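Asks: Sharing structure34.txt (compact mmCIF, C-alpha atoms) below.
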# COMPACT_ATOMS: atom_id res chain seq x y z
CA MET A 1 -37.89 192.92 67.73
CA ALA A 2 -40.35 195.78 67.86
CA MET A 3 -42.63 194.76 65.05
CA ASN A 4 -42.58 191.01 65.45
CA ARG A 5 -42.83 190.43 69.17
CA PRO A 6 -44.88 192.06 71.94
CA ALA A 7 -43.91 195.58 72.94
CA ARG A 8 -42.29 194.32 76.14
CA SER A 9 -39.77 192.34 74.07
CA ALA A 10 -38.94 195.42 72.03
CA ALA A 11 -38.30 197.32 75.24
CA LEU A 12 -36.19 194.42 76.47
CA ALA A 13 -33.96 194.49 73.38
CA LEU A 14 -33.75 198.27 73.39
CA GLY A 15 -32.80 198.39 77.06
CA THR A 16 -30.08 195.82 76.55
CA ALA A 17 -28.80 197.62 73.46
CA MET A 18 -28.67 200.94 75.29
CA ALA A 19 -26.74 199.34 78.12
CA ALA A 20 -24.23 197.90 75.65
CA ILE A 21 -23.81 201.27 73.94
CA ALA A 22 -23.36 203.01 77.27
CA ALA A 23 -20.67 200.49 78.19
CA LEU A 24 -18.46 201.40 75.21
CA THR A 25 -15.04 202.65 76.16
CA PRO A 26 -14.14 206.20 75.05
CA ALA A 27 -11.91 204.71 72.35
CA GLN A 28 -14.72 202.50 71.06
CA ALA A 29 -17.17 205.39 71.07
CA LEU A 30 -14.69 207.52 69.12
CA THR A 31 -14.22 204.75 66.57
CA HIS A 32 -17.97 204.43 66.02
CA ALA A 33 -18.41 208.18 65.75
CA SER A 34 -15.50 208.67 63.36
CA ASP A 35 -16.34 205.78 61.03
CA PRO A 36 -19.97 206.33 59.92
CA LEU A 37 -21.49 203.79 57.59
CA PRO A 38 -22.44 204.80 54.03
CA THR A 39 -26.09 205.55 53.39
CA VAL A 40 -28.46 204.82 50.52
CA THR A 41 -31.99 206.12 49.95
CA PRO A 42 -34.92 204.11 48.60
CA ARG A 43 -36.32 204.74 45.16
CA SER A 44 -39.89 203.89 46.16
CA GLU A 45 -42.00 202.51 48.99
CA THR A 46 -45.12 200.37 49.29
CA PRO A 47 -48.43 201.69 50.63
CA THR A 48 -48.38 201.84 54.42
CA LEU A 49 -49.78 198.87 56.36
CA TYR A 50 -51.52 199.36 59.71
CA ASP A 51 -51.63 196.76 62.46
CA ASP A 52 -55.06 197.62 63.82
CA GLU A 53 -58.68 196.72 63.13
CA ALA A 54 -59.08 199.53 60.61
CA GLY A 55 -56.00 198.34 58.76
CA GLY A 56 -56.95 194.67 58.77
CA SER A 57 -54.23 193.82 61.31
CA ALA A 58 -51.66 194.08 58.51
CA ASN A 59 -48.04 194.28 59.64
CA ALA A 60 -45.18 194.22 57.11
CA ASP A 61 -42.54 191.62 57.87
CA ASP A 62 -40.60 189.75 55.17
CA PRO A 63 -40.19 190.19 51.36
CA ALA A 64 -39.10 187.99 48.46
CA ILE A 65 -38.26 189.08 44.90
CA TRP A 66 -39.56 187.06 41.94
CA ARG A 67 -37.89 187.76 38.59
CA ASN A 68 -40.07 187.29 35.54
CA PRO A 69 -37.64 185.68 33.07
CA ALA A 70 -39.89 186.43 30.09
CA ASP A 71 -40.35 190.09 31.00
CA PRO A 72 -38.09 191.36 33.82
CA ASP A 73 -39.95 194.70 33.91
CA ASN A 74 -42.99 192.73 35.12
CA SER A 75 -41.20 191.11 38.04
CA LEU A 76 -42.81 191.08 41.48
CA VAL A 77 -42.12 191.55 45.16
CA ILE A 78 -44.11 189.17 47.37
CA ALA A 79 -44.26 190.10 51.05
CA THR A 80 -45.89 188.98 54.28
CA ALA A 81 -48.28 191.16 56.25
CA LYS A 82 -48.87 188.77 59.18
CA GLU A 83 -52.62 188.61 59.88
CA GLY A 84 -53.02 190.70 56.72
CA GLY A 85 -51.77 187.71 54.65
CA LEU A 86 -49.59 188.32 51.60
CA ARG A 87 -49.12 191.47 49.55
CA VAL A 88 -47.84 191.41 45.96
CA TYR A 89 -46.21 194.53 44.49
CA ASP A 90 -44.91 195.52 41.07
CA LEU A 91 -41.50 197.17 40.64
CA ASP A 92 -43.05 200.60 41.23
CA ALA A 93 -44.06 199.33 44.70
CA ARG A 94 -47.74 199.41 43.75
CA GLN A 95 -49.93 196.67 45.16
CA VAL A 96 -51.25 194.27 42.52
CA GLN A 97 -52.73 191.58 44.77
CA SER A 98 -53.68 190.97 48.40
CA VAL A 99 -53.98 187.36 49.56
CA PRO A 100 -55.80 186.94 52.89
CA ALA A 101 -54.49 184.67 55.62
CA PRO A 102 -56.82 181.75 56.42
CA PRO A 103 -59.39 182.33 59.17
CA ALA A 104 -59.19 180.80 62.62
CA PRO A 105 -60.58 177.24 62.72
CA GLY A 106 -62.68 178.06 65.80
CA PRO A 107 -63.84 181.08 67.82
CA ASP A 108 -61.12 180.61 70.45
CA ASP A 109 -58.34 179.70 68.02
CA ALA A 110 -55.59 181.79 66.46
CA PRO A 111 -56.17 183.19 62.94
CA GLY A 112 -53.72 182.73 60.10
CA ARG A 113 -50.59 184.84 60.41
CA PHE A 114 -48.01 184.86 57.61
CA ASN A 115 -44.56 185.45 59.03
CA ASN A 116 -41.84 184.81 56.43
CA VAL A 117 -41.80 184.13 52.70
CA ASP A 118 -39.37 182.58 50.21
CA LEU A 119 -39.46 181.18 46.67
CA VAL A 120 -39.14 177.76 45.05
CA HIS A 121 -38.17 177.88 41.37
CA GLY A 122 -39.22 175.24 38.86
CA LEU A 123 -40.94 172.74 41.16
CA ARG A 124 -42.21 169.84 39.09
CA LEU A 125 -46.02 169.63 39.33
CA PRO A 126 -48.31 167.33 37.31
CA ALA A 127 -49.19 170.24 34.99
CA GLY A 128 -45.54 171.25 34.53
CA ARG A 129 -42.84 173.15 36.36
CA ALA A 130 -43.86 176.15 38.45
CA ASP A 131 -42.40 178.86 40.63
CA LEU A 132 -43.96 178.99 44.09
CA ALA A 133 -44.12 181.48 46.92
CA VAL A 134 -43.84 179.66 50.25
CA THR A 135 -44.86 181.24 53.54
CA THR A 136 -44.90 180.22 57.18
CA ASP A 137 -48.41 180.46 58.62
CA ARG A 138 -47.56 181.04 62.25
CA GLY A 139 -51.26 181.13 63.19
CA HIS A 140 -51.88 177.57 61.97
CA ASP A 141 -48.34 176.12 62.27
CA ARG A 142 -48.24 175.21 58.58
CA LEU A 143 -46.54 176.14 55.34
CA ARG A 144 -48.66 177.67 52.56
CA PHE A 145 -47.81 177.46 48.86
CA TYR A 146 -48.85 179.86 46.07
CA ARG A 147 -48.16 179.28 42.39
CA ILE A 148 -46.78 182.39 40.65
CA ASP A 149 -48.16 183.24 37.20
CA ARG A 150 -48.03 186.85 36.05
CA ARG A 151 -50.63 186.09 33.36
CA ASN A 152 -53.44 185.22 35.78
CA THR A 153 -56.25 187.74 35.47
CA GLY A 154 -57.24 187.33 39.13
CA GLY A 155 -53.72 188.03 40.37
CA PRO A 156 -50.34 186.33 40.04
CA LEU A 157 -50.68 184.11 43.13
CA THR A 158 -52.88 181.01 43.27
CA ASP A 159 -53.12 178.87 46.41
CA VAL A 160 -51.89 175.31 45.73
CA THR A 161 -51.50 174.19 49.36
CA ASP A 162 -52.56 170.62 50.05
CA PRO A 163 -55.46 170.87 52.56
CA ALA A 164 -53.97 167.85 54.34
CA ALA A 165 -50.54 169.48 54.82
CA PRO A 166 -49.45 168.66 58.40
CA ARG A 167 -48.62 171.04 61.22
CA VAL A 168 -44.90 171.69 61.39
CA PHE A 169 -44.29 171.52 65.14
CA SER A 170 -47.59 171.23 67.05
CA ALA A 171 -49.40 168.02 67.95
CA GLY A 172 -52.83 169.65 68.14
CA GLN A 173 -54.80 172.89 68.10
CA ASP A 174 -54.12 173.63 71.77
CA GLU A 175 -50.39 173.67 71.02
CA VAL A 176 -51.01 175.83 67.96
CA ASN A 177 -52.83 178.36 70.12
CA ASP A 178 -49.75 178.58 72.35
CA GLN A 179 -48.03 180.00 69.23
CA GLN A 180 -44.76 178.07 69.47
CA THR A 181 -45.26 177.57 65.77
CA ALA A 182 -43.63 177.88 62.34
CA TYR A 183 -41.79 181.19 62.19
CA GLY A 184 -38.66 181.87 60.10
CA LEU A 185 -38.17 180.34 56.65
CA ALA A 186 -35.54 179.60 54.01
CA VAL A 187 -36.10 177.50 50.89
CA TRP A 188 -33.38 175.44 49.26
CA THR A 189 -33.14 173.11 46.25
CA ASP A 190 -30.37 170.51 46.49
CA PRO A 191 -28.56 170.54 43.11
CA ALA A 192 -27.42 166.96 43.60
CA THR A 193 -30.96 165.57 43.85
CA SER A 194 -33.16 168.44 42.54
CA ARG A 195 -35.27 168.02 45.66
CA SER A 196 -36.59 171.19 47.28
CA TYR A 197 -36.66 171.83 51.02
CA ALA A 198 -37.92 174.39 53.48
CA LEU A 199 -35.97 175.19 56.62
CA VAL A 200 -38.39 176.42 59.26
CA SER A 201 -37.67 177.83 62.71
CA ARG A 202 -39.97 177.65 65.71
CA ARG A 203 -41.21 180.72 67.56
CA ASN A 204 -39.83 181.13 71.11
CA ARG A 205 -37.72 178.00 70.68
CA THR A 206 -34.27 177.26 69.23
CA THR A 207 -35.50 174.50 66.89
CA VAL A 208 -34.99 174.50 63.12
CA ALA A 209 -36.79 171.84 61.03
CA LEU A 210 -35.89 170.54 57.57
CA LEU A 211 -39.00 169.81 55.49
CA GLU A 212 -38.99 168.23 52.03
CA ILE A 213 -41.45 169.96 49.70
CA THR A 214 -43.42 167.46 47.62
CA PRO A 215 -46.18 167.75 44.99
CA THR A 216 -49.34 165.68 45.19
CA ALA A 217 -51.01 163.78 42.34
CA ASP A 218 -53.75 166.42 42.07
CA GLY A 219 -51.30 169.31 41.63
CA ARG A 220 -51.22 170.51 45.23
CA VAL A 221 -48.08 170.90 47.35
CA THR A 222 -47.28 169.45 50.76
CA TYR A 223 -44.18 168.53 52.81
CA ARG A 224 -42.69 165.99 55.16
CA LYS A 225 -40.35 166.51 58.06
CA VAL A 226 -36.83 165.11 57.50
CA ARG A 227 -35.07 166.14 60.72
CA THR A 228 -34.71 168.92 63.26
CA LEU A 229 -31.80 170.65 64.95
CA ASP A 230 -31.80 172.60 68.23
CA LEU A 231 -29.40 175.50 68.56
CA PRO A 232 -28.08 176.34 72.03
CA SER A 233 -30.15 178.37 74.48
CA ALA A 234 -27.33 178.80 77.02
CA PHE A 235 -23.73 179.77 76.33
CA ARG A 236 -20.41 179.35 78.12
CA LEU A 237 -18.66 182.73 78.30
CA PRO A 238 -14.88 183.26 78.24
CA ASP A 239 -14.86 183.96 81.99
CA GLY A 240 -16.33 180.50 82.65
CA THR A 241 -19.84 181.66 83.49
CA SER A 242 -23.00 180.57 81.70
CA TRP A 243 -25.29 183.05 79.94
CA THR A 244 -28.82 182.81 78.62
CA PRO A 245 -30.42 185.79 76.86
CA CYS A 246 -33.02 187.38 79.11
CA ALA A 247 -36.60 186.77 78.02
CA GLU A 248 -40.08 186.23 79.32
CA PRO A 249 -40.21 183.02 81.42
CA GLY A 250 -40.61 179.97 79.21
CA GLU A 251 -39.23 181.65 76.08
CA LEU A 252 -35.94 180.58 74.49
CA PRO A 253 -33.76 182.62 72.06
CA GLN A 254 -35.54 182.08 68.74
CA VAL A 255 -34.34 182.08 65.14
CA GLU A 256 -36.11 183.99 62.38
CA GLY A 257 -33.93 185.32 59.56
CA MET A 258 -32.46 182.49 57.48
CA VAL A 259 -30.94 182.03 54.03
CA VAL A 260 -29.22 179.16 52.19
CA ASP A 261 -26.23 179.61 49.88
CA PRO A 262 -27.08 177.19 47.04
CA ALA A 263 -23.46 177.01 45.87
CA ASN A 264 -22.39 174.98 48.89
CA GLY A 265 -25.58 174.10 50.75
CA THR A 266 -24.77 176.35 53.70
CA LEU A 267 -27.55 177.67 55.93
CA TYR A 268 -27.12 180.98 57.73
CA ALA A 269 -29.54 181.44 60.63
CA GLY A 270 -30.01 184.53 62.77
CA GLN A 271 -30.66 183.70 66.42
CA GLU A 272 -32.10 187.07 67.29
CA ASP A 273 -30.44 187.81 70.65
CA VAL A 274 -27.30 185.76 69.98
CA GLY A 275 -25.86 186.17 66.45
CA ILE A 276 -25.54 184.51 63.05
CA TRP A 277 -24.99 180.75 62.81
CA ARG A 278 -23.52 178.85 59.86
CA MET A 279 -24.42 175.18 59.32
CA ARG A 280 -25.16 172.59 56.67
CA ALA A 281 -28.57 173.11 55.10
CA ASP A 282 -29.39 169.44 55.61
CA LEU A 283 -29.00 170.08 59.37
CA THR A 284 -26.20 167.58 59.81
CA GLY A 285 -22.87 168.50 61.35
CA THR A 286 -22.09 171.12 63.97
CA PRO A 287 -23.22 174.76 63.68
CA ASP A 288 -20.62 177.55 63.91
CA LEU A 289 -21.35 181.00 65.32
CA VAL A 290 -20.14 183.40 62.60
CA ASP A 291 -20.71 186.61 64.55
CA LYS A 292 -22.32 187.68 67.81
CA VAL A 293 -24.59 190.58 68.60
CA ARG A 294 -23.07 193.33 70.74
CA GLU A 295 -25.36 192.34 73.62
CA TYR A 296 -24.02 188.77 73.71
CA GLY A 297 -23.22 187.91 77.34
CA VAL A 298 -25.05 190.89 78.87
CA PRO A 299 -26.97 189.61 81.91
CA GLY A 300 -30.59 190.59 82.42
CA VAL A 301 -33.34 190.14 84.97
CA TYR A 302 -36.95 189.83 83.84
CA ASP A 303 -39.38 192.02 85.79
CA GLU A 304 -42.87 190.49 85.94
CA GLU A 305 -44.38 193.86 86.86
CA THR A 306 -42.99 195.86 83.95
CA GLU A 307 -42.71 192.81 81.65
CA GLU A 308 -39.23 194.00 80.68
CA CYS A 309 -35.65 192.89 81.24
CA ALA A 310 -33.33 195.06 83.25
CA PRO A 311 -29.86 194.64 81.69
CA GLY A 312 -26.73 194.43 83.78
CA ALA A 313 -23.19 195.51 82.99
CA ASP A 314 -21.74 194.50 79.65
CA PRO A 315 -18.84 192.04 80.22
CA GLY A 316 -17.47 192.80 76.74
CA PHE A 317 -17.96 189.40 75.09
CA GLY A 318 -20.21 190.56 72.26
CA GLY A 319 -19.48 191.34 68.63
CA SER A 320 -18.88 194.72 67.02
CA TYR A 321 -21.29 194.93 64.10
CA LEU A 322 -24.75 193.61 65.05
CA ALA A 323 -27.17 195.15 67.54
CA ALA A 324 -29.93 192.78 68.65
CA ASP A 325 -32.07 191.66 67.11
CA VAL A 326 -30.25 190.17 64.12
CA GLU A 327 -32.90 189.82 61.41
CA GLY A 328 -33.62 189.56 57.71
CA LEU A 329 -30.76 187.44 56.38
CA THR A 330 -30.45 187.37 52.59
CA LEU A 331 -27.78 186.39 50.05
CA LEU A 332 -26.24 188.86 47.61
CA THR A 333 -24.58 186.76 44.92
CA GLU A 334 -22.11 187.99 42.29
CA ALA A 335 -21.37 186.55 38.86
CA ASP A 336 -17.81 185.55 39.76
CA GLY A 337 -18.97 183.50 42.74
CA ASP A 338 -18.23 186.18 45.30
CA GLY A 339 -20.92 187.95 47.26
CA TYR A 340 -22.23 188.71 50.70
CA VAL A 341 -24.51 187.42 53.41
CA LEU A 342 -26.56 190.49 54.33
CA GLY A 343 -28.21 190.82 57.72
CA SER A 344 -30.38 193.45 59.35
CA SER A 345 -28.92 194.82 62.58
CA GLN A 346 -32.29 195.81 63.96
CA GLY A 347 -31.07 197.45 67.17
CA ASP A 348 -29.17 200.24 65.39
CA ASP A 349 -31.01 200.42 62.03
CA THR A 350 -28.04 199.23 59.97
CA PHE A 351 -27.27 196.38 57.56
CA ALA A 352 -24.15 194.24 57.90
CA LEU A 353 -22.33 192.46 55.07
CA TYR A 354 -20.31 189.26 55.54
CA ASP A 355 -18.10 187.58 52.95
CA ARG A 356 -19.97 184.71 51.31
CA GLU A 357 -16.81 182.58 51.24
CA THR A 358 -16.73 180.09 54.11
CA GLN A 359 -12.98 179.58 53.68
CA ASP A 360 -12.60 183.22 54.73
CA ASP A 361 -14.77 182.42 57.76
CA ASN A 362 -17.48 184.79 56.50
CA GLU A 363 -15.52 187.80 57.66
CA TYR A 364 -17.27 191.15 58.07
CA GLU A 365 -16.94 193.31 54.94
CA GLY A 366 -18.80 196.48 55.90
CA GLY A 367 -22.29 197.83 56.23
CA PHE A 368 -24.72 200.59 55.32
CA ARG A 369 -27.93 202.35 56.32
CA VAL A 370 -31.14 202.90 54.35
CA THR A 371 -32.10 206.49 55.14
CA ALA A 372 -34.91 208.82 54.15
CA GLY A 373 -34.78 210.74 50.88
CA ARG A 374 -36.77 213.79 49.87
CA THR A 375 -40.05 211.96 49.42
CA VAL A 376 -39.43 208.41 50.66
CA ASP A 377 -38.88 207.25 54.23
CA GLY A 378 -35.88 205.12 55.22
CA SER A 379 -35.82 201.80 57.11
CA GLU A 380 -35.88 201.49 60.88
CA GLU A 381 -35.95 198.33 63.03
CA CYS A 382 -35.91 196.23 59.86
CA ASP A 383 -37.49 192.78 60.22
CA GLY A 384 -36.92 191.32 56.78
CA ALA A 385 -34.87 191.88 53.63
CA ALA A 386 -34.48 190.38 50.16
CA VAL A 387 -31.91 191.08 47.47
CA LEU A 388 -31.63 190.03 43.83
CA ASN A 389 -28.48 190.84 41.87
CA ALA A 390 -29.99 190.43 38.40
CA PRO A 391 -31.34 192.87 35.81
CA LEU A 392 -34.96 193.81 36.50
CA GLY A 393 -35.82 195.79 33.42
CA SER A 394 -35.54 199.55 33.08
CA ARG A 395 -36.27 200.34 36.72
CA TYR A 396 -33.54 198.23 38.32
CA PRO A 397 -31.00 197.20 35.65
CA ARG A 398 -28.44 196.39 38.38
CA GLY A 399 -30.80 194.56 40.71
CA LEU A 400 -33.01 195.32 43.69
CA LEU A 401 -32.85 195.35 47.48
CA VAL A 402 -36.16 195.33 49.39
CA VAL A 403 -36.16 196.03 53.14
CA GLN A 404 -38.94 196.15 55.70
CA ASP A 405 -39.46 199.42 57.55
CA GLY A 406 -40.64 198.87 61.11
CA HIS A 407 -41.57 202.53 61.60
CA ASP A 408 -43.16 203.91 58.46
CA THR A 409 -43.74 207.63 58.90
CA PRO A 410 -46.81 208.76 56.99
CA SER A 411 -49.11 211.49 58.32
CA VAL A 412 -51.38 209.31 60.47
CA PRO A 413 -52.87 209.68 63.93
CA GLU A 414 -50.42 208.95 66.72
CA GLY A 415 -50.62 205.44 68.09
CA ARG A 416 -51.23 203.55 64.84
CA GLU A 417 -48.56 200.95 64.14
CA ALA A 418 -47.38 201.69 60.60
CA THR A 419 -45.02 199.51 58.57
CA GLY A 420 -44.06 198.97 54.95
CA PHE A 421 -41.33 198.02 52.49
CA LYS A 422 -38.66 200.15 50.79
CA PHE A 423 -37.30 199.42 47.30
CA VAL A 424 -33.60 200.30 46.95
CA ASP A 425 -31.55 200.30 43.73
CA LEU A 426 -28.96 197.59 44.33
CA GLY A 427 -26.53 199.41 42.02
CA ARG A 428 -26.49 202.32 44.44
CA VAL A 429 -25.79 199.97 47.33
CA MET A 430 -22.89 198.33 45.50
CA ASP A 431 -21.43 201.72 44.53
CA ARG A 432 -21.54 202.91 48.14
CA ILE A 433 -20.04 199.80 49.73
CA ASP A 434 -17.31 199.66 47.07
CA ASP A 435 -16.27 203.29 47.70
As structure tokens, please, write out the structure in this file.

Replies:
Amino acid sequence: MAMNRPARSAALALGTAMAAIAALTPAQALTHASDPLPTVTPRSETPTLYDDEAGGSANADDPAIWRNPADPDNSLVIATAKEGGLRVYDLDARQVQSVPAPPAPGPDDAPGRFNNVDLVHGLRLPAGRADLAVTTDRGHDRLRFYRIDRRNTGGPLTDVTDPAAPRVFSAGQDEVNDQQTAYGLAVWTDPATSRSYALVSRRNRTTVALLEITPTADGRVTYRKVRTLDLPSAFRLPDGTSWTPCAEPGELPQVEGMVVDPANGTLYAGQEDVGIWRMRADLTGTPDLVDKVREYGVPGVYDEETEECAPGADPGFGGSYLAADVEGLTLLTEADGDGYVLGSSQGDDTFALYDRETQDDNEYEGGFRVTAGRTVDGSEECDGAAVLNAPLGSRYPRGLLVVQDGHDTPSVPEGREATGFKFVDLGRVMDRIDD
């Protein structure tokens, strides 16, 4: 994952992906070449973020779309910028607010780092119901909560995090500094109880935690841990051998992209080097692996000197549609109950669509690319995505897709890490995939 892990991990994934591509049979290669995916171009893009001192260590990662029910034209996109905190954009992709991440608690401690973001709608607070933006603060191993109000003169987001909110995974600051902390995020409200939950993954581990989101008497928001679930880190292959994705020693295959289908309480979780899992959002029951990345089963040896993995021969046990890492899961709902689980196939700059219906085993339905237009860049190595199939005023009457671009291409000096977000007309996407 080039923009969310150290450069050595990006090289690791790329090397493995290239080995898998090279191992395609002539027939497979012909199929891929003769069946190109449809393409769509963005309508607009956010100002470029730079992950260096001059840019405030801002690195685009994950977006969420908030629809203003009173005035859809004044809806918002709320997105994480890691150490740069949160960015809030209008539907023209113009920044309307920047929310800084909290500082480090001490000189040798990690600063705040906002990784993923999602929304809670209508949480009951003492002053009335409110929509909230929720983000994982990987730097402090906590969740942060921001009330959304488009009428606020100081900006639509107001911090309502309880100062006493606990760490999600770490027992103390030393563990926080090791950065095996809160990472991926999906928010879910159980229709049977009206209780809201956050599902949070742990960096460099396979753990997913279920946290109940609760208001405090003074109008702040906190959470309590309900349970955790550990996905596998080693896998039995069809030839009887065992496989673990190659990584730096001590790291396990982590989860980041997650989304919950509210219609049936199903969580989809992307284990980056493995594939997409389906499980109950309350983390009970047994997870099912819906699809695998192409690199699934490819052996690798970590080289301490180069800090990269050298991939071996592909045994052919992987999937056909996802190139590691699998990222940015989001749910595209349709009025008749149909729809898609959309995932970013980061290794080949594509997006994959899976049937939302579990009775059809979430079968693959197609895919697309977001490519450059005349004046707007496309999306490469996409970390995060959000989709909303609802009218958003005159700009997006058929809905909006927002995708992260891991390689924004403005005219900047070589060596600056540039990222951003692309706004895509969802109507165009639907027209292309329905062709």

Asks: Find the spatial neighbours of Asp435 in chain A, counting only C-alpha atoms, within a cut-off of 12 Å - ignore same-chain residues fewer than 6 positions away - and output them as a VMD selection string.

Replies: chain A and resid 37 to 39 366 to 368 428 to 429

Asks: Would you mind exporting C-alpha atoms of the selected residues as an mmCIF file, in the frame of the given file?

Replies:
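Saved the output as result_37.cif:
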data_model
loop_
_atom_site.group_PDB
_atom_site.id
_atom_site.type_symbol
_atom_site.label_atom_id
_atom_site.label_comp_id
_atom_site.auth_asym_id
_atom_site.auth_seq_id
_atom_site.Cartn_x
_atom_site.Cartn_y
_atom_site.Cartn_z
ATOM 1 C CA LEU A 37 -21.490 203.790 57.590
ATOM 2 C CA PRO A 38 -22.440 204.800 54.030
ATOM 3 C CA THR A 39 -26.090 205.550 53.390
ATOM 4 C CA GLY A 366 -18.800 196.480 55.900
ATOM 5 C CA GLY A 367 -22.290 197.830 56.230
ATOM 6 C CA PHE A 368 -24.720 200.590 55.320
ATOM 7 C CA ARG A 428 -26.490 202.320 44.440
ATOM 8 C CA VAL A 429 -25.790 199.970 47.330
#

Asks: Near range 213-227 of chain A, within 9 Å and counting only C-alpha atoms, which residues show up once chain neighbours fewer than 6 positions away are dropped, as a ChimeraX atom specification?

Replies: /A:123-127,143-145,159-166,168,195-198,282-283

Asks: Of the candidates A:Val259, A:Val424, A:Leu332, A:Val290, which shows the shortest atom-to-atom distance to Arg369 in chain A, using all atoms listed in the file?

Replies: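 Of all the options, A:Val424 lies closest to Arg369 in chain A.
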
Asks: How far is it from CA of Ile78 in chain A to CA of Ile148 in chain A, in Å with one decimal?

Replies: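 Going from CA of Ile78 in chain A over to CA of Ile148 in chain A, I get 9.9 Å.
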
Asks: Which residue, A:Thr193, A:Thr206, A:Thr181, A:Thr80, has the smallest gap to Leu229 in chain A when you use only C-alpha atoms?

Replies: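 Between A:Thr193, A:Thr206, A:Thr181, A:Thr80, the residue approaching Leu229 in chain A most closely is A:Thr206.
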
Asks: Rounded to one decimal, what separation in Å do you get between CA of Asp239 in chain A and CA of Gly275 in chain A?

Replies: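 Between these atoms lies a distance of 19.2 Å.
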
Asks: One decimal, Å: what's the distance from CA of Glu248 in chain A over to CA of Val301 in chain A, could you say?

Replies: 9.6 Å
